[in-house]
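Undergrad: Pasting target.json below, which is JSON, C-alpha atoms and all ligand atoms.
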[["chain", "number", "residue", "atom", "x", "y", "z"],
["A", 1, "MET", "CA", 127.02, 46.24, 51.36],
["A", 2, "GLU", "CA", 129.49, 46.99, 54.14],
["A", 3, "TYR", "CA", 128.99, 50.72, 54.61],
["A", 4, "VAL", "CA", 125.75, 51.75, 52.91],
["A", 5, "VAL", "CA", 122.25, 50.82, 54.07],
["A", 6, "TYR", "CA", 119.23, 51.23, 51.82],
["A", 7, "GLU", "CA", 115.62, 51.15, 52.91],
["A", 8, "GLN", "CA", 112.48, 51.82, 50.89],
["A", 9, "LYS", "CA", 109.49, 53.26, 52.73],
["A", 10, "GLY", "CA", 106.65, 53.45, 50.23],
["A", 11, "ALA", "CA", 107.64, 55.97, 47.56],
["A", 12, "VAL", "CA", 110.66, 57.21, 49.55],
["A", 13, "GLY", "CA", 114.14, 55.64, 49.46],
["A", 14, "ILE", "CA", 116.52, 56.21, 52.38],
["A", 15, "VAL", "CA", 120.27, 55.86, 51.77],
["A", 16, "THR", "CA", 122.36, 55.82, 54.97],
["A", 17, "ILE", "CA", 126.16, 56.04, 54.93],
["A", 18, "SER", "CA", 127.11, 53.77, 57.79],
["A", 19, "ARG", "CA", 130.77, 53.76, 58.73],
["A", 20, "GLU", "CA", 130.38, 55.18, 62.21],
["A", 21, "LYS", "CA", 133.83, 54.22, 63.53],
["A", 22, "ALA", "CA", 135.38, 56.63, 61.03],
["A", 23, "LEU", "CA", 132.55, 59.19, 61.36],
["A", 24, "ASN", "CA", 131.18, 57.93, 58.00],
["A", 25, "ALA", "CA", 134.29, 59.08, 56.10],
["A", 26, "LEU", "CA", 134.24, 58.31, 52.40],
["A", 27, "ASN", "CA", 136.79, 55.70, 51.35],
["A", 28, "SER", "CA", 136.76, 53.99, 47.93],
["A", 29, "THR", "CA", 134.48, 51.23, 49.16],
["A", 30, "VAL", "CA", 131.88, 53.70, 50.48],
["A", 31, "LEU", "CA", 131.96, 55.55, 47.15],
["A", 32, "GLU", "CA", 131.56, 52.31, 45.19],
["A", 33, "GLU", "CA", 128.70, 51.18, 47.41],
["A", 34, "LEU", "CA", 126.95, 54.55, 47.09],
["A", 35, "ASN", "CA", 127.26, 54.28, 43.32],
["A", 36, "ALA", "CA", 125.76, 50.78, 43.31],
["A", 37, "THR", "CA", 123.00, 51.80, 45.75],
["A", 38, "PHE", "CA", 121.80, 54.69, 43.58],
["A", 39, "ASP", "CA", 121.97, 52.44, 40.49],
["A", 40, "ALA", "CA", 119.71, 49.91, 42.19],
["A", 41, "ILE", "CA", 116.95, 52.33, 43.32],
["A", 42, "ASN", "CA", 113.64, 51.25, 41.83],
["A", 43, "LEU", "CA", 112.56, 54.33, 39.90],
["A", 44, "ASP", "CA", 109.17, 52.82, 39.10],
["A", 45, "GLU", "CA", 108.28, 52.96, 42.79],
["A", 46, "VAL", "CA", 110.53, 55.54, 44.45],
["A", 47, "ARG", "CA", 109.82, 59.24, 43.87],
["A", 48, "CYS", "CA", 112.20, 60.90, 46.31],
["A", 49, "VAL", "CA", 115.44, 59.84, 48.05],
["A", 50, "ILE", "CA", 116.83, 60.87, 51.44],
["A", 51, "LEU", "CA", 120.59, 60.70, 52.01],
["A", 52, "THR", "CA", 121.83, 60.68, 55.61],
["A", 53, "GLY", "CA", 124.58, 59.33, 57.87],
["A", 54, "ALA", "CA", 124.47, 56.76, 60.65],
["A", 55, "GLY", "CA", 124.71, 57.86, 64.29],
["A", 56, "GLN", "CA", 124.19, 61.08, 66.22],
["A", 57, "LYS", "CA", 127.59, 62.70, 65.67],
["A", 58, "SER", "CA", 128.53, 62.80, 62.04],
["A", 59, "PHE", "CA", 126.92, 62.92, 58.63],
["A", 60, "VAL", "CA", 130.21, 62.47, 56.75],
["A", 61, "ALA", "CA", 133.58, 63.70, 58.13],
["A", 62, "GLY", "CA", 135.11, 63.93, 54.66],
["A", 63, "ALA", "CA", 137.05, 61.78, 52.27],
["A", 64, "ASP", "CA", 139.16, 59.15, 54.01],
["A", 65, "ILE", "CA", 142.40, 60.88, 55.02],
["A", 66, "GLY", "CA", 144.18, 57.56, 55.71],
["A", 67, "GLU", "CA", 143.45, 56.34, 52.19],
["A", 68, "MET", "CA", 144.49, 59.66, 50.62],
["A", 69, "SER", "CA", 147.70, 60.08, 52.64],
["A", 70, "SER", "CA", 149.95, 58.07, 50.34],
["A", 71, "LEU", "CA", 148.39, 58.79, 46.93],
["A", 72, "THR", "CA", 150.51, 59.89, 43.97],
["A", 73, "LYS", "CA", 149.41, 62.85, 41.79],
["A", 74, "ALA", "CA", 147.76, 60.48, 39.30],
["A", 75, "GLU", "CA", 146.08, 58.47, 42.03],
["A", 76, "GLY", "CA", 144.86, 61.68, 43.69],
["A", 77, "GLU", "CA", 143.28, 62.80, 40.43],
["A", 78, "ALA", "CA", 141.67, 59.39, 39.97],
["A", 79, "PHE", "CA", 140.31, 59.47, 43.54],
["A", 80, "GLY", "CA", 138.82, 62.92, 42.83],
["A", 81, "LYS", "CA", 137.17, 61.54, 39.70],
["A", 82, "LYS", "CA", 135.79, 58.59, 41.64],
["A", 83, "GLY", "CA", 134.05, 60.93, 44.07],
["A", 84, "ASN", "CA", 132.96, 63.37, 41.39],
["A", 85, "ASP", "CA", 131.40, 60.59, 39.29],
["A", 86, "VAL", "CA", 129.24, 59.43, 42.21],
["A", 87, "PHE", "CA", 128.28, 62.98, 43.22],
["A", 88, "LEU", "CA", 127.35, 63.83, 39.62],
["A", 89, "LYS", "CA", 125.17, 60.73, 39.62],
["A", 90, "ILE", "CA", 123.39, 62.05, 42.72],
["A", 91, "GLU", "CA", 123.11, 65.58, 41.30],
["A", 92, "ASN", "CA", 121.65, 64.28, 38.03],
["A", 93, "PHE", "CA", 119.60, 61.50, 39.62],
["A", 94, "PRO", "CA", 116.20, 61.61, 37.89],
["A", 95, "ILE", "CA", 114.26, 62.16, 41.14],
["A", 96, "PRO", "CA", 114.93, 64.64, 43.98],
["A", 97, "VAL", "CA", 117.49, 63.80, 46.66],
["A", 98, "ILE", "CA", 117.11, 65.42, 50.10],
["A", 99, "CYS", "CA", 120.22, 65.46, 52.27],
["A", 100, "ALA", "CA", 119.52, 65.13, 56.01],
["A", 101, "ILE", "CA", 122.79, 66.26, 57.59],
["A", 102, "ASN", "CA", 123.00, 64.79, 61.07],
["A", 103, "GLY", "CA", 126.33, 66.16, 62.35],
["A", 104, "PHE", "CA", 129.76, 66.80, 60.80],
["A", 105, "ALA", "CA", 129.65, 67.61, 57.09],
["A", 106, "LEU", "CA", 133.30, 68.33, 56.42],
["A", 107, "GLY", "CA", 135.25, 68.21, 53.16],
["A", 108, "GLY", "CA", 133.72, 65.40, 51.10],
["A", 109, "GLY", "CA", 130.78, 65.44, 53.54],
["A", 110, "CYS", "CA", 129.90, 69.02, 52.71],
["A", 111, "GLU", "CA", 130.54, 68.20, 49.05],
["A", 112, "ILE", "CA", 128.19, 65.21, 48.88],
["A", 113, "ALA", "CA", 125.51, 67.27, 50.65],
["A", 114, "MET", "CA", 125.91, 69.98, 47.99],
["A", 115, "SER", "CA", 125.33, 67.46, 45.20],
["A", 116, "CYS", "CA", 121.84, 66.82, 46.62],
["A", 117, "ASP", "CA", 118.82, 68.90, 45.61],
["A", 118, "ILE", "CA", 117.83, 70.04, 49.11],
["A", 119, "ARG", "CA", 119.81, 70.22, 52.38],
["A", 120, "ILE", "CA", 118.36, 70.24, 55.89],
["A", 121, "CYS", "CA", 120.43, 69.66, 59.03],
["A", 122, "SER", "CA", 120.39, 68.96, 62.75],
["A", 123, "ASP", "CA", 121.35, 71.70, 65.21],
["A", 124, "ASN", "CA", 124.69, 69.96, 65.97],
["A", 125, "ALA", "CA", 125.75, 69.97, 62.30],
["A", 126, "VAL", "CA", 129.11, 71.48, 61.40],
["A", 127, "PHE", "CA", 130.08, 72.39, 57.85],
["A", 128, "GLY", "CA", 133.43, 73.19, 56.34],
["A", 129, "GLN", "CA", 136.01, 72.61, 53.66],
["A", 130, "PRO", "CA", 139.13, 71.93, 55.76],
["A", 131, "GLU", "CA", 141.23, 70.66, 52.82],
["A", 132, "VAL", "CA", 143.81, 73.45, 52.61],
["A", 133, "GLY", "CA", 144.77, 72.64, 56.19],
["A", 134, "LEU", "CA", 145.63, 69.14, 54.94],
["A", 135, "GLY", "CA", 147.64, 70.41, 51.98],
["A", 136, "ILE", "CA", 145.04, 69.74, 49.27],
["A", 137, "THR", "CA", 142.13, 71.48, 47.54],
["A", 138, "PRO", "CA", 138.54, 70.31, 47.97],
["A", 139, "GLY", "CA", 138.37, 67.44, 45.47],
["A", 140, "PHE", "CA", 134.79, 66.20, 45.24],
["A", 141, "GLY", "CA", 133.23, 69.34, 43.71],
["A", 142, "GLY", "CA", 133.66, 71.76, 46.64],
["A", 143, "THR", "CA", 135.44, 74.48, 44.66],
["A", 144, "GLN", "CA", 132.56, 74.47, 42.18],
["A", 145, "ARG", "CA", 129.32, 73.77, 44.05],
["A", 146, "LEU", "CA", 130.00, 75.88, 47.16],
["A", 147, "ALA", "CA", 130.56, 79.01, 45.04],
["A", 148, "ARG", "CA", 127.37, 78.33, 43.12],
["A", 149, "LEU", "CA", 125.35, 77.78, 46.31],
["A", 150, "VAL", "CA", 126.56, 80.52, 48.65],
["A", 151, "GLY", "CA", 128.31, 82.86, 46.20],
["A", 152, "PRO", "CA", 132.03, 83.10, 45.35],
["A", 153, "GLY", "CA", 132.94, 85.52, 48.19],
["A", 154, "MET", "CA", 131.62, 83.32, 51.00],
["A", 155, "ALA", "CA", 132.85, 80.13, 49.30],
["A", 156, "LYS", "CA", 136.36, 81.55, 48.95],
["A", 157, "GLN", "CA", 136.35, 82.66, 52.59],
["A", 158, "MET", "CA", 135.28, 79.19, 53.80],
["A", 159, "ILE", "CA", 137.73, 77.36, 51.53],
["A", 160, "TYR", "CA", 140.79, 79.62, 52.03],
["A", 161, "THR", "CA", 140.39, 79.86, 55.82],
["A", 162, "ALA", "CA", 139.32, 76.21, 56.26],
["A", 163, "ARG", "CA", 137.10, 77.51, 59.09],
["A", 164, "ASN", "CA", 134.14, 75.34, 60.07],
["A", 165, "ILE", "CA", 130.69, 76.86, 60.48],
["A", 166, "LYS", "CA", 127.80, 75.74, 62.65],
["A", 167, "ALA", "CA", 124.23, 74.98, 61.61],
["A", 168, "ASP", "CA", 122.88, 78.48, 62.26],
["A", 169, "GLU", "CA", 125.52, 80.08, 60.04],
["A", 170, "ALA", "CA", 124.98, 77.43, 57.34],
["A", 171, "TYR", "CA", 121.31, 78.38, 57.42],
["A", 172, "ARG", "CA", 122.08, 82.10, 57.30],
["A", 173, "ILE", "CA", 124.27, 81.77, 54.18],
["A", 174, "GLY", "CA", 121.80, 79.49, 52.41],
["A", 175, "LEU", "CA", 123.83, 76.30, 52.58],
["A", 176, "VAL", "CA", 120.90, 74.55, 54.28],
["A", 177, "ASN", "CA", 117.18, 75.25, 54.02],
["A", 178, "ALA", "CA", 116.24, 74.47, 57.63],
["A", 179, "VAL", "CA", 117.67, 73.36, 60.99],
["A", 180, "TYR", "CA", 116.00, 70.78, 63.26],
["A", 181, "THR", "CA", 116.83, 68.98, 66.49],
["A", 182, "GLN", "CA", 118.48, 65.57, 66.01],
["A", 183, "GLU", "CA", 115.17, 63.84, 66.81],
["A", 184, "GLU", "CA", 113.18, 65.98, 64.39],
["A", 185, "LEU", "CA", 115.60, 65.78, 61.45],
["A", 186, "LEU", "CA", 114.72, 62.45, 59.83],
["A", 187, "PRO", "CA", 110.95, 62.80, 60.39],
["A", 188, "ALA", "CA", 111.17, 66.26, 58.79],
["A", 189, "ALA", "CA", 113.09, 64.82, 55.82],
["A", 190, "GLU", "CA", 110.54, 62.02, 55.46],
["A", 191, "LYS", "CA", 107.65, 64.49, 55.62],
["A", 192, "MET", "CA", 109.24, 66.66, 52.93],
["A", 193, "ALA", "CA", 109.98, 63.58, 50.79],
["A", 194, "ALA", "CA", 106.37, 62.38, 51.13],
["A", 195, "GLY", "CA", 105.19, 65.85, 50.10],
["A", 196, "ILE", "CA", 107.34, 65.65, 46.96],
["A", 197, "ALA", "CA", 106.34, 62.02, 46.27],
["A", 198, "LYS", "CA", 102.64, 62.87, 46.17],
["A", 199, "ASN", "CA", 103.08, 65.34, 43.31],
["A", 200, "ALA", "CA", 103.03, 64.40, 39.64],
["A", 201, "PRO", "CA", 106.25, 62.41, 39.16],
["A", 202, "ILE", "CA", 106.95, 63.32, 35.53],
["A", 203, "ALA", "CA", 106.46, 67.01, 36.37],
["A", 204, "VAL", "CA", 108.78, 66.79, 39.42],
["A", 205, "ARG", "CA", 111.49, 65.05, 37.36],
["A", 206, "ASN", "CA", 111.14, 67.64, 34.61],
["A", 207, "CYS", "CA", 111.44, 70.47, 37.17],
["A", 208, "LYS", "CA", 114.72, 69.00, 38.44],
["A", 209, "LYS", "CA", 116.03, 68.65, 34.91],
["A", 210, "ALA", "CA", 114.96, 72.17, 33.94],
["A", 211, "ILE", "CA", 116.57, 73.77, 37.01],
["A", 212, "ASN", "CA", 119.82, 71.80, 36.74],
["A", 213, "GLU", "CA", 120.26, 72.18, 32.99],
["A", 214, "GLY", "CA", 119.07, 75.80, 32.95],
["A", 215, "LEU", "CA", 121.54, 76.93, 35.60],
["A", 216, "ALA", "CA", 124.41, 76.18, 33.23],
["A", 217, "LEU", "CA", 122.92, 78.23, 30.37],
["A", 218, "PRO", "CA", 122.26, 81.87, 29.51],
["A", 219, "MET", "CA", 118.60, 82.80, 30.21],
["A", 220, "ASP", "CA", 117.44, 82.76, 26.57],
["A", 221, "LYS", "CA", 118.68, 79.18, 26.20],
["A", 222, "ALA", "CA", 117.57, 78.20, 29.70],
["A", 223, "VAL", "CA", 113.94, 79.12, 29.03],
["A", 224, "GLU", "CA", 114.08, 76.98, 25.89],
["A", 225, "VAL", "CA", 115.00, 74.01, 28.10],
["A", 226, "GLU", "CA", 112.01, 74.87, 30.29],
["A", 227, "GLU", "CA", 109.66, 75.17, 27.29],
["A", 228, "LYS", "CA", 110.62, 71.68, 26.09],
["A", 229, "LEU", "CA", 110.19, 70.08, 29.53],
["A", 230, "PHE", "CA", 106.95, 72.02, 30.16],
["A", 231, "GLY", "CA", 105.61, 70.78, 26.81],
["A", 232, "ASP", "CA", 106.66, 67.21, 27.65],
["A", 233, "CYS", "CA", 104.21, 67.17, 30.58],
["A", 234, "PHE", "CA", 101.19, 67.68, 28.32],
["A", 235, "GLU", "CA", 99.19, 64.66, 27.17],
["A", 236, "THR", "CA", 100.46, 62.69, 30.18],
["A", 237, "GLU", "CA", 97.75, 61.01, 32.23],
["A", 238, "ASP", "CA", 98.94, 62.92, 35.28],
["A", 239, "GLN", "CA", 98.57, 66.30, 33.56],
["A", 240, "LYS", "CA", 95.11, 65.41, 32.30],
["A", 241, "TYR", "CA", 94.04, 64.13, 35.71],
["A", 242, "GLY", "CA", 95.61, 67.02, 37.70],
["A", 243, "MET", "CA", 93.93, 69.70, 35.61],
["A", 244, "ALA", "CA", 90.60, 67.87, 35.35],
["A", 245, "PHE", "CA", 90.58, 67.51, 39.14],
["A", 246, "PHE", "CA", 91.09, 71.26, 39.54],
["A", 247, "LEU", "CA", 88.40, 72.10, 37.01],
["A", 248, "ASP", "CA", 85.89, 69.69, 38.55],
["A", 249, "LYS", "CA", 84.00, 71.84, 41.04],
["A", 250, "ASN", "CA", 82.78, 68.82, 43.03],
["A", 251, "LYS", "CA", 84.28, 69.59, 46.46],
["A", 252, "GLU", "CA", 83.51, 66.06, 47.76],
["A", 253, "LYS", "CA", 85.96, 64.45, 45.36],
["A", 254, "VAL", "CA", 89.23, 63.11, 46.86],
["A", 255, "LYS", "CA", 92.41, 63.50, 44.84],
["A", 256, "GLU", "CA", 93.85, 60.16, 43.73],
["A", 257, "PRO", "CA", 97.58, 59.44, 43.69],
["A", 258, "PHE", "CA", 99.34, 60.37, 40.45],
["A", 259, "LYS", "CA", 100.15, 57.38, 38.26],
["A", 260, "ASN", "CA", 103.54, 58.41, 36.83],
["A", 261, "CYS", "CA", 102.41, 58.17, 33.25],
["A", 301, "LIG", "N1", 139.12, 60.22, 57.25],
["A", 301, "LIG", "C1", 139.47, 59.13, 57.94],
["A", 301, "LIG", "N2", 139.15, 58.91, 59.23],
["A", 301, "LIG", "C2", 138.45, 59.87, 59.85],
["A", 301, "LIG", "C3", 138.06, 61.05, 59.20],
["A", 301, "LIG", "C4", 138.41, 61.20, 57.83],
["A", 301, "LIG", "N3", 138.04, 62.27, 57.11],
["A", 301, "LIG", "N4", 137.38, 61.82, 60.08],
["A", 301, "LIG", "C5", 137.36, 61.14, 61.25],
["A", 301, "LIG", "N5", 138.01, 59.95, 61.11],
["A", 301, "LIG", "C6", 138.24, 58.93, 62.14],
["A", 301, "LIG", "C7", 139.32, 59.34, 63.12],
["A", 301, "LIG", "O1", 140.60, 59.06, 62.58],
["A", 301, "LIG", "C8", 138.98, 58.49, 64.30],
["A", 301, "LIG", "O2", 139.43, 57.18, 64.06],
["A", 301, "LIG", "P1", 140.12, 56.32, 65.26],
["A", 301, "LIG", "O3", 139.05, 56.18, 66.30],
["A", 301, "LIG", "O4", 140.50, 55.05, 64.58],
["A", 301, "LIG", "O5", 141.27, 57.16, 65.75],
["A", 301, "LIG", "C9", 137.46, 58.46, 64.28],
["A", 301, "LIG", "O6", 137.07, 58.80, 62.95],
["A", 301, "LIG", "C10", 136.83, 59.45, 65.22],
["A", 301, "LIG", "O7", 137.39, 60.74, 64.93],
["A", 301, "LIG", "P2", 138.04, 61.70, 66.02],
["A", 301, "LIG", "O8", 138.63, 60.90, 67.13],
["A", 301, "LIG", "O9", 138.93, 62.65, 65.30],
["A", 301, "LIG", "O10", 136.71, 62.42, 66.57],
["A", 301, "LIG", "P3", 136.64, 63.89, 67.22],
["A", 301, "LIG", "O11", 135.27, 63.98, 67.79],
["A", 301, "LIG", "O12", 137.79, 64.15, 68.10],
["A", 301, "LIG", "O13", 136.76, 64.88, 65.97],
["A", 301, "LIG", "C11", 136.30, 65.67, 63.72],
["A", 301, "LIG", "C12", 135.77, 64.90, 64.97],
["A", 301, "LIG", "C13", 136.47, 67.14, 64.11],
["A", 301, "LIG", "C14", 135.26, 65.53, 62.61],
["A", 301, "LIG", "C15", 137.66, 65.08, 63.32],
["A", 301, "LIG", "O14", 137.52, 63.67, 63.20],
["A", 301, "LIG", "C16", 138.16, 65.61, 62.02],
["A", 301, "LIG", "O15", 138.66, 66.71, 61.95],
["A", 301, "LIG", "N6", 138.07, 64.78, 60.92],
["A", 301, "LIG", "C17", 138.61, 65.12, 59.66],
["A", 301, "LIG", "C18", 137.76, 66.15, 58.96],
["A", 301, "LIG", "C19", 138.37, 66.56, 57.63],
["A", 301, "LIG", "O16", 139.45, 67.14, 57.58],
["A", 301, "LIG", "N7", 137.67, 66.26, 56.52],
["A", 301, "LIG", "C20", 138.12, 66.58, 55.20],
["A", 301, "LIG", "C21", 138.85, 65.42, 54.60],
["A", 301, "LIG", "S1", 139.64, 65.85, 53.10],
["A", 301, "LIG", "C22", 138.45, 65.73, 51.90],
["A", 301, "LIG", "O17", 137.30, 65.49, 52.18],
["A", 301, "LIG", "C23", 138.99, 65.91, 50.53],
["A", 301, "LIG", "C24", 137.95, 66.05, 49.47],
["A", 301, "LIG", "O18", 137.41, 67.11, 49.25],
["A", 301, "LIG", "C25", 137.68, 64.96, 48.57]]
Is it possible to give me this structure as structure tokens?
TA:
Amino acid sequence: MEYVVYEQKGAVGIVTISREKALNALNSTVLEELNATFDAINLDEVRCVILTGAGQKSFVAGADIGEMSSLTKAEGEAFGKKGNDVFLKIENFPIPVICAINGFALGGGCEIAMSCDIRICSDNAVFGQPEVGLGITPGFGGTQRLARLVGPGMAKQMIYTARNIKADEAYRIGLVNAVYTQEELLPAAEKMAAGIAKNAPIAVRNCKKAINEGLALPMDKAVEVEEKLFGDCFETEDQKYGMAFFLDKNKEKVKEPFKNC
């Protein structure tokens, strides 16, 4: 891999976009490498993924403007699909993905962050959808996910004005869940990932599926999705163990790791 680094720390996988000279901008190669990296994650061992960018300045400064500058209409559409396919893979990845945003998250950078389950950022992070200033629309899901995350009014304001916002405003509008110093960001992401990884894996996966699938449905259908995934947890070893542990009043007993079965 030229631009993506993958590291597994116990049950946590860390994906780092590493193209620092171009502020980790997403060209076709980065997108292809991200796709291959997520495909190769060992889901028998890894229970939560962290996505971040290399360096202290930028998470991802967008799609690669040099590569896009000479595209035809058809090539532009294909480039949008290339990004969308990878981001959908992240959004629908069976286990949670935490985005640790360590600086600029502009255009495609904001869009890839929004395809993750949870976003936390450093205090120097900057968010925005600057595309209309470049003569294009957001093309990797920004027109869709931003409106769903922060509401259509705020999304339209950010997209039409192309104005960047800082970490505190991103926190205020609900685009990120928390803001940390640069030094604290990755440890905080790892702590959150470890907290997720220690819970019953089948249940965590089913929660992700239920939330994602349910959001696209009317409530009566959405709760049916939940019922099915709730039911699926029963008779698993983890459900039997988790409930038996609660019901066992022996306070000396130490909880064992869940087995993912
Ligand atoms: N594409 C390609 N190269 C980029 C880039 C991008 N999106 N963002 C930064 N770079 C490159 C710069 O060209 C520069 O390269 P050179 O050293 O070879 O000149 C290098 O990264 C460092 O950037 P700057 O010198 O510009 O750094 P700065 O500190 O002065 O500014 C910045 C930082 C404000 C983030 C500025 O780089 C910037 O505005 N970048 C573009 C942000 C942007 O518009 N992103 C949206 C892209 S469109 C998109 O993403 C479409 C979509 O939805 C799919």
Undergrad: If we count all atoms listed in the file and set the cut-off at 10 Å, which residues sit around Lys81 in chain A, ignoring sequence neighbours fewer than 5 positions away in its own chain? Please answer as a list of chain:residue names.
TA: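 The neighbour list is A:Glu75, A:Gly76, A:Val86, A:Phe87, A:Gly139, A:Phe140, A:Gly141.
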Undergrad: Using all atoms listed in the file, which residues have at least one atom no more than 6 Å from ligand LIG 301 (chain A)? Output them as a PyMOL selection string.
TA: chain A and resi 21-23+25+61-66+104+106-108+130-131+138-140
Undergrad: Quick check, in Å to one decimal: how far apart do CA of Ile120 in chain A and CA of Ala178 in chain A lie?
TA: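 So the two atoms, CA of Ile120 in chain A and CA of Ala178 in chain A, lie 5.0 Å apart.
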Undergrad: Tell me which of A:Glu32, A:Asp123, A:Asp238, A:Glu7 sits closest to Lys198 in chain A, counting all atoms listed in the file.
TA: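 Result for the nearest residue to Lys198 in chain A: A:Asp238.
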Undergrad: Using all atoms listed in the file, which residues sit within 10 Å of Gln8 in chain A once same-chain residues fewer than 4 positions away are excluded, as a PyMOL selection string?
TA: chain A and resi 12-15+41-42+45-46+49
Undergrad: Store the residues picked out above, limited to C-alpha atoms, as a CSV table (one decimal), keeping the file's coordinate frame.
TA:
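Here's the written file part_22.csv:
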chain,number,residue,atom,x,y,z
A,12,VAL,CA,110.7,57.2,49.6
A,13,GLY,CA,114.1,55.6,49.5
A,14,ILE,CA,116.5,56.2,52.4
A,15,VAL,CA,120.3,55.9,51.8
A,41,ILE,CA,117.0,52.3,43.3
A,42,ASN,CA,113.6,51.2,41.8
A,45,GLU,CA,108.3,53.0,42.8
A,46,VAL,CA,110.5,55.5,44.4
A,49,VAL,CA,115.4,59.8,48.0
Undergrad: Please provide as a VMD selection string all residues within 10 Å of Met158 in chain A, with the sequence filter that same-chain residues fewer than 6 positions apart are discarded (counting all atoms listed in the file).
TA: chain A and resid 127 to 130 146 to 147 152 164 to 165
Undergrad: Report as number ranges by chain all protein, DNA and RNA residues lying within 7 Å of Ile17 in chain A, evaluated on all atoms listed in the file, omitting residues in the same chain fewer than 3 positions from it.
TA: A: 3-5, 24, 52-54
Undergrad: Deliver the residues from the most recent selection as a file, using C-alpha atoms, as a PDB file, keeping the file's coordinate frame.
TA:
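Below you can see result22.pdb, which holds the result:
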ATOM      1  CA  TYR A   3     128.990  50.720  54.610  1.00  0.00           C
ATOM      2  CA  VAL A   4     125.750  51.750  52.910  1.00  0.00           C
ATOM      3  CA  VAL A   5     122.250  50.820  54.070  1.00  0.00           C
ATOM      4  CA  ASN A  24     131.180  57.930  58.000  1.00  0.00           C
ATOM      5  CA  THR A  52     121.830  60.680  55.610  1.00  0.00           C
ATOM      6  CA  GLY A  53     124.580  59.330  57.870  1.00  0.00           C
ATOM      7  CA  ALA A  54     124.470  56.760  60.650  1.00  0.00           C
TER       8      ALA A  54
END
Undergrad: From the set A:Val30, A:Val97, A:Ile90, A:Ala194, which residue has the shortest atom-to-atom contact distance to Glu67 in chain A, counting all atoms listed in the file?
TA: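 When distances to Glu67 in chain A are compared using all atoms listed in the file, the smallest one comes from A:Val30.
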Undergrad: Mind checking which residues fall within 6 Å of Cys99 in chain A, counting all atoms listed in the file, ignoring those fewer than 2 positions away in the same chain, and posting them as JSON, numbers by chain?
TA: {"A": [50, 51, 101, 113, 119]}
Undergrad: Here is a test: counting all atoms listed in the file, which residue of A:Phe93, A:Phe246, A:Phe258, A:Phe38 is nearest to Lys209 in chain A?
TA: A:Phe93
Undergrad: Go ahead and compute the interatomic distance for CA of Ile98 in chain A and CA of Arg172 in chain A, in Å to one decimal.
TA: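 Interatomic distance, CA of Ile98 in chain A to CA of Arg172 in chain A: 18.8 Å.
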Undergrad: Is there a way to complete range 25-34 of chain A with N, CA, C and O atoms and then write that out as an mmCIF file, keeping the file's coordinate frame?
TA:
data_model
loop_
_atom_site.group_PDB
_atom_site.id
_atom_site.type_symbol
_atom_site.label_atom_id
_atom_site.label_comp_id
_atom_site.auth_asym_id
_atom_site.auth_seq_id
_atom_site.Cartn_x
_atom_site.Cartn_y
_atom_site.Cartn_z
ATOM 1 N N ALA A 25 133.374 58.544 57.123
ATOM 2 C CA ALA A 25 134.290 59.080 56.100
ATOM 3 C C ALA A 25 134.195 58.245 54.821
ATOM 4 O O ALA A 25 133.937 57.040 54.851
ATOM 5 N N LEU A 26 134.416 58.930 53.708
ATOM 6 C CA LEU A 26 134.240 58.310 52.400
ATOM 7 C C LEU A 26 135.549 57.685 51.902
ATOM 8 O O LEU A 26 136.445 58.401 51.450
ATOM 9 N N ASN A 27 135.659 56.360 52.020
ATOM 10 C CA ASN A 27 136.790 55.700 51.350
ATOM 11 C C ASN A 27 136.284 55.149 50.012
ATOM 12 O O ASN A 27 135.109 55.313 49.673
ATOM 13 N N SER A 28 137.167 54.478 49.272
ATOM 14 C CA SER A 28 136.760 53.990 47.930
ATOM 15 C C SER A 28 135.582 53.039 48.020
ATOM 16 O O SER A 28 134.685 53.082 47.168
ATOM 17 N N THR A 29 135.574 52.204 49.049
ATOM 18 C CA THR A 29 134.480 51.230 49.160
ATOM 19 C C THR A 29 133.146 51.942 49.378
ATOM 20 O O THR A 29 132.135 51.593 48.758
ATOM 21 N N VAL A 30 133.138 52.963 50.256
ATOM 22 C CA VAL A 30 131.880 53.700 50.480
ATOM 23 C C VAL A 30 131.410 54.315 49.161
ATOM 24 O O VAL A 30 130.223 54.245 48.809
ATOM 25 N N LEU A 31 132.343 54.912 48.422
ATOM 26 C CA LEU A 31 131.960 55.550 47.150
ATOM 27 C C LEU A 31 131.388 54.520 46.174
ATOM 28 O O LEU A 31 130.375 54.765 45.515
ATOM 29 N N GLU A 32 132.044 53.357 46.109
ATOM 30 C CA GLU A 32 131.560 52.310 45.190
ATOM 31 C C GLU A 32 130.178 51.812 45.616
ATOM 32 O O GLU A 32 129.295 51.583 44.782
ATOM 33 N N GLU A 33 129.994 51.670 46.927
ATOM 34 C CA GLU A 33 128.700 51.180 47.410
ATOM 35 C C GLU A 33 127.591 52.222 47.197
ATOM 36 O O GLU A 33 126.449 51.868 46.898
ATOM 37 N N LEU A 34 127.941 53.495 47.358
ATOM 38 C CA LEU A 34 126.950 54.550 47.090
ATOM 39 C C LEU A 34 126.531 54.500 45.624
ATOM 40 O O LEU A 34 125.349 54.597 45.285
#
